[in-house]
Each structure stands twice: as structure tokens, then as C-alpha cells.
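Student: Let me begin by handing over the structure; questions about it come next.
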Amino acid sequence: MSHSRRSFLAETLGAGWLGASLMERAALRAAEARAQAATAPDSLFDVDQVADGIYAAVARPEPVINCNAAIFENANDLLIVDTHSKPSAAAALVAQLRSITSKPVRYVVNTHFHFDHVGGAPQYRKMAPQADFISSTVTRGLIAESAGGRFKQAVEAFRKSADDAERQAAAARTPREREHYLRAAGETRAFLGELQSYSFELPNVTFDENLVIHDKAHELHLAFRGRGHTAGDIVVFCPAKKVLASGDLLHGFLPYIGDGYPREWPRTLRALAEFPFEHVIGGHGGVQHTRERLGQEAAFLEELTEAVASGKAQGRTVEQLQAAITPATLKSLGSGGWGQYIIGQTLEYYWDAVLSTPAELLADGIKGSVAATFNALERT
Ligand SMILES: [Zn+2]
């Protein structure tokens with residue numbers, strides 16, 4: 001087993017594999033093992049207990065990305081944070097949870113409007129007609145907005161990526177690479193099938209800054225602390241168990257800035273330090289049992305934003321800045337092992353990571369972050 005896996009990786013990665021360190025190779029093997037284990041349709045998530053009555057459903061790597069869910073078990077019911085990319089994923093998660101608890105879903109929280117976090121909401125409405133769907137006021141508006149043109153654009157983009165995957169499968173250099181792209185094409189087409197009769201589910205409870213759920217088992221504090229990954233991201237904190245569900249404000253991948261506010265995001269992250277959390281269930285990647293990633297990500301966003309903003313002010317183009325701002329120039333990547341952590345998580349939880357070397361992944365990620373920051377600087 002380990003021999004064939006090694007051969008596949010060596011074959012796929014070529015010189016990249018030979019150049020990878022032992023730690024990188026271990027991470028690559030873990031990513032490949034997960035990719036192989038994720039073939040059963042009922043195993044989209046690994047459910048881990050984080051504290052008494054709190055679970056993380058960690059999304060396995062899938063061609064159409066799913067987000068994690070945080071599950072808070074109340075005295076008589078459940079609160080679930082985020083609803084994945086598609087109705088069938090929400091159904092699969094609730095079926096998987098039935099081995100842990102038979103309590104009904106009472107609250108569904110959307111941390112922000114992105115489709116990999118709201119796509120399964122209509123399925124929750126079907127499974128739990130009485131449930132309350134909660135988001136920030138801003139996020140409810142953004143979900144309503146994205147139900148129009150943005151949704152059509154996304155469907156078009158997925159159609160194109162299914163076509164691309166089929167072409168890549170036809171041009172694959174190895175049987176395993178072919179299998180990788182064929183699975184991507186097949187799952188993307190199945191996803192498109194789910195979207196054919198899709199209708200958005202809007203939150204029916206919204207708040208601006210704070211919402212506290214007083215349950216007999218524990219209090220749950222829902223909070224908006226400023227713009228960051230989007231204009232409306234919220235977190236859920238359980239003071240009794242010191243668990244923070246942070247959505248995409250803080251997770252295991254490079255922060256995605258495409259709809260973000262890079263000048264405000266670091267301040268928003270630092271505001272979250274008010275919560276005395278010890279565990280973080282982010283929107284992607286594994287559970288963090290430390291507080292230190294919060295400050296590391298804030299420092300990265302600050303350094304990146306400053307570099308891009310000063311270059312842009314001097315009239316440099318995005319291409320010039322992508323050449324000038326690289327993993328080698330960003331000091332924050334080395335601080336506290338943050339860059340290594342991000343790469344390890346990406347290799348383990350991101351579907352396409354297995355086809356790149358760790359160095360390529362990081363370089364591409366920073367290129368994308370520079371471009372996204374460049375475009376986001378004037379966002380108001
Ligand atoms: Zn996400």
C-alpha cells in the first residue's frame with residue numbers, strides 16, 4: 001500500500017517529489033491517503049469531538065470544495081455552523097451525526113455568504129422545518145444578492161471546470177492522474193445536477209453585533225467584530241468549553257481575499273482575541289488547539305497588504321508585484337511556522353494539492369493573494 005502510494009506520488013510529482021523534504025513527503029502521503037479514503041459517498045467528513053458536546057465535521061478534500069461544520073450539542077437539540085456546498089453534503093453530515101446523537105437540528109448558522117458555506121441550507125430547511133437560520137444582517141443581504149447573477153456565473157464556472165477536468169483526464173500522463181481528473185469531472189457534473197432546481201434559503205434571524213443563545217447545556221455567543229474575509233463574517237464562541245467556530249476568518253488555508261477587506265481583516269482578527277478560546281474550528285482544514293494562528297494570520301495579512309498597497313501607490317502593476325512579493329520576501333510566513341502550517345493543511349485537505357509540490361502551492365497561493373489584495377484595496 002505505502003509502496004504503491006509512494007510510486008504514484010513520485011510518478012505524479014517527478015522532480016518535485018525528489019526535492020521534497022521528509023516532512024513534506026509525509027504530508028503528501030497523508031493527502032493521498034485521504035483522497036483515497038474519501039471515495040465512499042457517505043464519508044465527506046471526519047467528525048471529531050473537540051470538547052464535551054462539541055464536534056468538528058472536518059471536510060475531506062473534494063473536487064467541489066465543502067466547508068467544515070461545527071456542531072454544538074445543546075440540552076435538547078443541535079446548533080450547526082455552516083452548511084457546505086450542496087444539499088447532499090448536508091444530508092450526508094446529518095446522517096453521519098446520527099451515530100453520535102439523535103437530537104434534532106434547531107439552529108443553522110451561516111458564517112458568511114460563500115456558496116461552499118450556504119449551499120446545503122435548503123436541505124437543512126427540508127430536514128428541520130422548525131429550525132432558525134441565523135447570520136449577520138450583512139450576510140443575509142449578500143446571500144440574497146448572490147442568488148442572482150453571481151450564482152449563474154458560478155454555475156458557468158463549474159461547467160467549464162468539468163470540461164477542463166475531462167480534457168486533463170484525456171491528456172493525463174499516468175493512470176492515477178487520469179483517475180484524479182475523471183473523479184473531478186464526475187463529481188462536478190453531479191454537483192451541477194444538484195443545482196438544477198436549486199433555490200436559496202435565506203436566514204430568518206439576523207443580528208448586527210451580538211446574539212446570545214442561552215441553552216441549559218451552555219451559552220453560545222454569536223458575534224460580528226468587523227469586516228474581513230467578507231463584509232459580514234460572524235463567529236460562534238462557547239465560553240464554557242472555550243471553543244471558537246471561526247468560519248473563513250481563520251482556518252487552515254491561506255486566507256481567501258477575493259471578497260475581502262485586507263485593511264480591516266487584521267483588526268477584526270485581533271478583536272476575536274477577546275474570546276478566551278482554546279480550540280478553533282475553522283471553515284477549512286483541521287481543528288486548531290492553539291490561539292497562536294490568530295495573530296500569525298493577522299501579521300501575514302498586514303505584511304501582504306502593506307507591500308501591495310505601497311507598490312500600487314508607486315504605480316506598479318499586479319504582475320510586477322507578483323514578481324516582487326513572494327514566499328521568500330514575506331517574513332510573516334516564517335514566523336511561528338505559520339507558512340509550514342498552511343502548506344501542511346492545504347496538502348491534507350485541499351483536493352488539487354496532491355498535483356503540486358509544496359513550494360508550488362505556496363508560490364501560487366501568494367500570487368493569488370497579491371492579485372486579490374491589489375483588487376480589494378479600494379473596496380468600500
Ligand atoms: Zn470557505
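Chain lettering (A, B, ...) mirrors the order of the C-alpha cells, residue numbering begins at 1 for each chain separately, and ligand numbering begins at 1 in order of display.
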Please, which residues have at least one atom within 8 Å of an atom of ligand 1, using only C-alpha atoms and all ligand atoms, listed as a PDB file with N, CA and C atoms, in the first residue's frame?

Tutor:
ATOM      1  N   ILE A  65     -15.368  22.032  -3.427  1.00  0.00           N
ATOM      2  CA  ILE A  65     -14.962  22.173  -2.025  1.00  0.00           C
ATOM      3  C   ILE A  65     -16.160  22.262  -1.081  1.00  0.00           C
ATOM      4  N   ASN A  66     -16.081  21.508   0.020  1.00  0.00           N
ATOM      5  CA  ASN A  66     -17.041  21.626   1.115  1.00  0.00           C
ATOM      6  C   ASN A  66     -16.384  22.374   2.257  1.00  0.00           C
ATOM      7  N   CYS A  67     -17.185  23.062   3.054  1.00  0.00           N
ATOM      8  CA  CYS A  67     -16.615  23.650   4.274  1.00  0.00           C
ATOM      9  C   CYS A  67     -16.797  22.666   5.428  1.00  0.00           C
ATOM     10  N   HIS A 114     -20.544  32.801   1.172  1.00  0.00           N
ATOM     11  CA  HIS A 114     -19.947  31.978   0.107  1.00  0.00           C
ATOM     12  C   HIS A 114     -20.665  30.641  -0.058  1.00  0.00           C
ATOM     13  N   PHE A 115     -20.708  30.198  -1.321  1.00  0.00           N
ATOM     14  CA  PHE A 115     -21.545  29.044  -1.631  1.00  0.00           C
ATOM     15  C   PHE A 115     -21.065  27.757  -0.960  1.00  0.00           C
ATOM     16  N   ASP A 116     -19.726  27.649  -0.724  1.00  0.00           N
ATOM     17  CA  ASP A 116     -19.252  26.425  -0.041  1.00  0.00           C
ATOM     18  C   ASP A 116     -19.682  26.403   1.429  1.00  0.00           C
ATOM     19  N   HIS A 117     -20.342  27.486   1.907  1.00  0.00           N
ATOM     20  CA  HIS A 117     -20.831  27.553   3.291  1.00  0.00           C
ATOM     21  C   HIS A 117     -22.354  27.636   3.391  1.00  0.00           C
ATOM     22  N   GLY A 247     -15.395  30.185  11.034  1.00  0.00           N
ATOM     23  CA  GLY A 247     -15.673  30.313   9.600  1.00  0.00           C
ATOM     24  C   GLY A 247     -14.390  30.508   8.812  1.00  0.00           C
ATOM     25  N   ASP A 248     -14.434  31.375   7.799  1.00  0.00           N
ATOM     26  CA  ASP A 248     -13.249  31.590   6.971  1.00  0.00           C
ATOM     27  C   ASP A 248     -12.445  32.820   7.390  1.00  0.00           C
ATOM     28  N   GLY A 283     -13.329  27.206   9.022  1.00  0.00           N
ATOM     29  CA  GLY A 283     -14.147  26.796   7.887  1.00  0.00           C
ATOM     30  C   GLY A 283     -13.501  25.732   7.002  1.00  0.00           C
ATOM     31  N   HIS A 284     -12.166  25.633   7.062  1.00  0.00           N
ATOM     32  CA  HIS A 284     -11.448  24.636   6.257  1.00  0.00           C
ATOM     33  C   HIS A 284     -10.226  24.155   7.041  1.00  0.00           C
TER      34      HIS A 284
END

Student: With a distance cut-off of 12 Å and only C-alpha atoms, select the neighbouring residues of Asn68 of chain A, excluding the residue or stretch itself and same-chain residues fewer than 2 positions from it, and output the selection as a PyMOL selection string.

Tutor: chain A and resi 44-48+55-62+65-66+70-71+80-85+89-90+93+110-111+116-118+245-248+251-252+280-287+349

Student: Just the residues within 8 Å of Leu301 of chain A, please, counting only C-alpha atoms, with nothing from its chain fewer than 6 positions along; format it as a VMD selection string.

Tutor: chain A and resid 262 265 to 266

Student: Using only C-alpha atoms, determine which residues lie at most 9 Å from segment 227-232 of chain A, disregarding the query and same-chain residues fewer than 5 positions distant; provide the list as a PyMOL selection string.

Tutor: chain A and resi 111-114+135-140+142+248-250+255-269

Student: Can I get the selected residues back with N, CA and C atoms, as a PDB file, in the first residue's frame?

Tutor:
ATOM      1  N   THR A 111     -21.865  31.415   8.564  1.00  0.00           N
ATOM      2  CA  THR A 111     -20.858  32.397   8.975  1.00  0.00           C
ATOM      3  C   THR A 111     -20.697  33.501   7.940  1.00  0.00           C
ATOM      4  N   HIS A 112     -20.892  33.164   6.653  1.00  0.00           N
ATOM      5  CA  HIS A 112     -20.796  34.168   5.582  1.00  0.00           C
ATOM      6  C   HIS A 112     -21.496  33.636   4.348  1.00  0.00           C
ATOM      7  N   PHE A 113     -21.501  34.422   3.261  1.00  0.00           N
ATOM      8  CA  PHE A 113     -22.398  34.113   2.139  1.00  0.00           C
ATOM      9  C   PHE A 113     -21.828  33.170   1.094  1.00  0.00           C
ATOM     10  N   HIS A 114     -20.544  32.801   1.172  1.00  0.00           N
ATOM     11  CA  HIS A 114     -19.947  31.978   0.107  1.00  0.00           C
ATOM     12  C   HIS A 114     -20.665  30.641  -0.058  1.00  0.00           C
ATOM     13  N   SER A 135     -27.708  34.470  10.604  1.00  0.00           N
ATOM     14  CA  SER A 135     -26.491  35.063  10.034  1.00  0.00           C
ATOM     15  C   SER A 135     -26.437  36.517  10.477  1.00  0.00           C
ATOM     16  N   SER A 136     -25.356  37.206  10.117  1.00  0.00           N
ATOM     17  CA  SER A 136     -25.344  38.655  10.320  1.00  0.00           C
ATOM     18  C   SER A 136     -26.330  39.277   9.331  1.00  0.00           C
ATOM     19  N   THR A 137     -26.740  40.491   9.646  1.00  0.00           N
ATOM     20  CA  THR A 137     -27.651  41.217   8.757  1.00  0.00           C
ATOM     21  C   THR A 137     -26.996  41.381   7.380  1.00  0.00           C
ATOM     22  N   VAL A 138     -25.701  41.720   7.402  1.00  0.00           N
ATOM     23  CA  VAL A 138     -24.977  41.939   6.148  1.00  0.00           C
ATOM     24  C   VAL A 138     -24.947  40.652   5.313  1.00  0.00           C
ATOM     25  N   THR A 139     -24.673  39.529   5.958  1.00  0.00           N
ATOM     26  CA  THR A 139     -24.583  38.268   5.214  1.00  0.00           C
ATOM     27  C   THR A 139     -25.924  37.893   4.595  1.00  0.00           C
ATOM     28  N   ARG A 140     -27.015  38.137   5.304  1.00  0.00           N
ATOM     29  CA  ARG A 140     -28.323  37.828   4.707  1.00  0.00           C
ATOM     30  C   ARG A 140     -28.501  38.609   3.400  1.00  0.00           C
ATOM     31  N   LEU A 142     -26.102  39.689   1.463  1.00  0.00           N
ATOM     32  CA  LEU A 142     -25.173  39.171   0.450  1.00  0.00           C
ATOM     33  C   LEU A 142     -25.657  37.833  -0.127  1.00  0.00           C
ATOM     34  N   ASP A 248     -14.434  31.375   7.799  1.00  0.00           N
ATOM     35  CA  ASP A 248     -13.249  31.590   6.971  1.00  0.00           C
ATOM     36  C   ASP A 248     -12.445  32.820   7.390  1.00  0.00           C
ATOM     37  N   LEU A 249     -12.797  33.423   8.529  1.00  0.00           N
ATOM     38  CA  LEU A 249     -11.928  34.474   9.074  1.00  0.00           C
ATOM     39  C   LEU A 249     -10.594  33.869   9.468  1.00  0.00           C
ATOM     40  N   LEU A 250     -10.639  32.647   9.973  1.00  0.00           N
ATOM     41  CA  LEU A 250      -9.439  31.975  10.476  1.00  0.00           C
ATOM     42  C   LEU A 250      -9.590  30.484  10.221  1.00  0.00           C
ATOM     43  N   PRO A 255      -5.617  32.761   3.787  1.00  0.00           N
ATOM     44  CA  PRO A 255      -6.881  33.495   3.795  1.00  0.00           C
ATOM     45  C   PRO A 255      -7.292  33.875   2.371  1.00  0.00           C
ATOM     46  N   TYR A 256      -8.553  33.654   2.031  1.00  0.00           N
ATOM     47  CA  TYR A 256      -9.057  33.982   0.690  1.00  0.00           C
ATOM     48  C   TYR A 256      -9.569  35.430   0.686  1.00  0.00           C
ATOM     49  N   ILE A 257      -8.931  36.270  -0.140  1.00  0.00           N
ATOM     50  CA  ILE A 257      -9.150  37.710  -0.070  1.00  0.00           C
ATOM     51  C   ILE A 257     -10.099  38.213  -1.165  1.00  0.00           C
ATOM     52  N   GLY A 258     -10.532  37.311  -2.060  1.00  0.00           N
ATOM     53  CA  GLY A 258     -11.323  37.681  -3.244  1.00  0.00           C
ATOM     54  C   GLY A 258     -12.513  38.597  -2.963  1.00  0.00           C
ATOM     55  N   ASP A 259     -13.202  38.391  -1.846  1.00  0.00           N
ATOM     56  CA  ASP A 259     -14.322  39.270  -1.469  1.00  0.00           C
ATOM     57  C   ASP A 259     -13.999  40.001  -0.172  1.00  0.00           C
ATOM     58  N   GLY A 260     -12.699  40.123   0.131  1.00  0.00           N
ATOM     59  CA  GLY A 260     -12.293  40.554   1.465  1.00  0.00           C
ATOM     60  C   GLY A 260     -11.938  42.021   1.601  1.00  0.00           C
ATOM     61  N   TYR A 261     -11.615  42.387   2.832  1.00  0.00           N
ATOM     62  CA  TYR A 261     -11.246  43.746   3.232  1.00  0.00           C
ATOM     63  C   TYR A 261      -9.888  43.672   3.929  1.00  0.00           C
ATOM     64  N   PRO A 262      -8.803  43.588   3.129  1.00  0.00           N
ATOM     65  CA  PRO A 262      -7.492  43.288   3.717  1.00  0.00           C
ATOM     66  C   PRO A 262      -6.992  44.349   4.697  1.00  0.00           C
ATOM     67  N   ARG A 263      -7.447  45.604   4.556  1.00  0.00           N
ATOM     68  CA  ARG A 263      -7.008  46.626   5.520  1.00  0.00           C
ATOM     69  C   ARG A 263      -7.706  46.465   6.870  1.00  0.00           C
ATOM     70  N   GLU A 264      -8.891  45.866   6.870  1.00  0.00           N
ATOM     71  CA  GLU A 264      -9.674  45.748   8.111  1.00  0.00           C
ATOM     72  C   GLU A 264      -9.566  44.369   8.753  1.00  0.00           C
ATOM     73  N   TRP A 265      -9.251  43.356   7.942  1.00  0.00           N
ATOM     74  CA  TRP A 265      -9.263  41.963   8.403  1.00  0.00           C
ATOM     75  C   TRP A 265      -8.359  41.735   9.624  1.00  0.00           C
ATOM     76  N   PRO A 266      -7.103  42.255   9.628  1.00  0.00           N
ATOM     77  CA  PRO A 266      -6.242  42.015  10.798  1.00  0.00           C
ATOM     78  C   PRO A 266      -6.854  42.543  12.102  1.00  0.00           C
ATOM     79  N   ARG A 267      -7.474  43.733  12.028  1.00  0.00           N
ATOM     80  CA  ARG A 267      -8.105  44.321  13.218  1.00  0.00           C
ATOM     81  C   ARG A 267      -9.262  43.429  13.687  1.00  0.00           C
ATOM     82  N   THR A 268     -10.029  42.925  12.738  1.00  0.00           N
ATOM     83  CA  THR A 268     -11.145  42.044  13.077  1.00  0.00           C
ATOM     84  C   THR A 268     -10.628  40.774  13.770  1.00  0.00           C
ATOM     85  N   LEU A 269      -9.545  40.207  13.231  1.00  0.00           N
ATOM     86  CA  LEU A 269      -8.972  39.005  13.862  1.00  0.00           C
ATOM     87  C   LEU A 269      -8.535  39.308  15.288  1.00  0.00           C
TER      88      LEU A 269
END

Student: So the first atom is atom CA of Gly344 of chain A and the second is atom CA of Phe300 of chain A; what is the distance between them in Å, to one decimal place?

Tutor: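 Here the two named atoms are 16.9 Å from each other.
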
Student: Taking only segment 88-119 of chain A into account, list the residues labelled helix (DSSP H, G or I) by DSSP (computed from the backbone), as a PyMOL selection string.

Tutor: chain A and resi 88-97+115-118

Student: Residues within 7 Å of Ala121 of chain A, please, as an NGL selection string. Count only C-alpha atoms; anything in the same chain fewer than 2 positions from it doesn't count.

Tutor: :A and (83 or 87 or 118-119 or 123-125 or 201)

Student: Please write the residues from the selection above to a file, keeping all heavy atoms, as a CSV table (one decimal), in the first residue's frame.

Tutor:
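Writing the result to selection.csv gives the following:
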chain,number,residue,atom,x,y,z
A,83,THR,N,-23.1,25.2,6.2
A,83,THR,CA,-23.9,24.2,5.5
A,83,THR,C,-23.4,23.6,4.2
A,83,THR,O,-24.1,23.1,3.4
A,83,THR,CB,-25.4,24.8,5.2
A,83,THR,OG1,-25.3,25.9,4.4
A,83,THR,CG2,-26.0,25.2,6.5
A,87,PRO,N,-26.8,20.4,-1.2
A,87,PRO,CA,-27.8,19.8,-0.3
A,87,PRO,C,-27.4,18.4,0.1
A,87,PRO,O,-27.5,18.0,1.2
A,87,PRO,CB,-29.0,19.8,-1.2
A,87,PRO,CG,-28.9,21.0,-2.1
A,87,PRO,CD,-27.4,21.1,-2.4
A,118,VAL,N,-23.0,27.9,2.3
A,118,VAL,CA,-24.5,28.1,2.3
A,118,VAL,C,-25.2,27.1,1.4
A,118,VAL,O,-26.5,26.9,1.5
A,118,VAL,CB,-25.0,29.5,2.0
A,118,VAL,CG1,-24.3,30.5,2.9
A,118,VAL,CG2,-24.8,29.8,0.5
A,119,GLY,N,-24.5,26.4,0.6
A,119,GLY,CA,-25.2,25.5,-0.5
A,119,GLY,C,-26.1,24.5,0.1
A,119,GLY,O,-27.1,24.2,-0.6
A,123,GLN,N,-31.5,22.1,2.1
A,123,GLN,CA,-31.6,20.7,2.6
A,123,GLN,C,-31.9,20.7,4.1
A,123,GLN,O,-32.7,19.9,4.6
A,123,GLN,CB,-30.4,19.9,2.3
A,123,GLN,CG,-30.4,18.4,2.8
A,123,GLN,CD,-31.5,17.6,2.0
A,123,GLN,OE1,-31.8,18.0,0.9
A,123,GLN,NE2,-32.0,16.6,2.7
A,124,TYR,N,-31.2,21.6,4.9
A,124,TYR,CA,-31.5,21.7,6.3
A,124,TYR,C,-32.9,22.1,6.5
A,124,TYR,O,-33.6,21.7,7.5
A,124,TYR,CB,-30.5,22.7,7.0
A,124,TYR,CG,-29.2,22.0,7.4
A,124,TYR,CD1,-28.1,22.3,6.7
A,124,TYR,CD2,-29.2,21.1,8.5
A,124,TYR,CE1,-26.9,21.6,7.1
A,124,TYR,CE2,-28.0,20.5,8.9
A,124,TYR,CZ,-26.9,20.8,8.2
A,124,TYR,OH,-25.7,20.2,8.5
A,125,ARG,N,-33.4,23.0,5.7
A,125,ARG,CA,-34.8,23.5,5.8
A,125,ARG,C,-35.8,22.3,5.6
A,125,ARG,O,-36.7,22.2,6.4
A,125,ARG,CB,-35.1,24.6,4.8
A,125,ARG,CG,-36.5,25.1,4.8
A,125,ARG,CD,-37.0,25.6,6.1
A,125,ARG,NE,-36.6,26.9,6.5
A,125,ARG,CZ,-36.4,27.2,7.8
A,125,ARG,NH1,-36.6,26.4,8.8
A,125,ARG,NH2,-36.0,28.5,8.1
A,201,GLU,N,-31.9,29.5,0.5
A,201,GLU,CA,-32.6,29.6,1.8
A,201,GLU,C,-32.0,30.8,2.5
A,201,GLU,O,-30.9,30.8,2.9
A,201,GLU,CB,-32.4,28.3,2.5
A,201,GLU,CG,-33.1,28.2,3.9
A,201,GLU,CD,-34.6,28.1,3.7
A,201,GLU,OE1,-35.1,27.5,2.8
A,201,GLU,OE2,-35.3,28.7,4.6

Student: Could you check how far atom CA of Ala154 of chain A sits from atom CA of Trp351 of chain A, in Å to one decimal?

Tutor: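 Computed distance, atom CA of Ala154 of chain A to atom CA of Trp351 of chain A, equals 18.5 Å.
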
Student: Using only C-alpha atoms, which protein or nucleic acid residues come within 9 Å of Glu319 of chain A? Drop anything in the same chain fewer than 4 positions from it, and give the result as a list in words.

Tutor: Ala323, Ala324, Lys367 and Ala371 of chain A
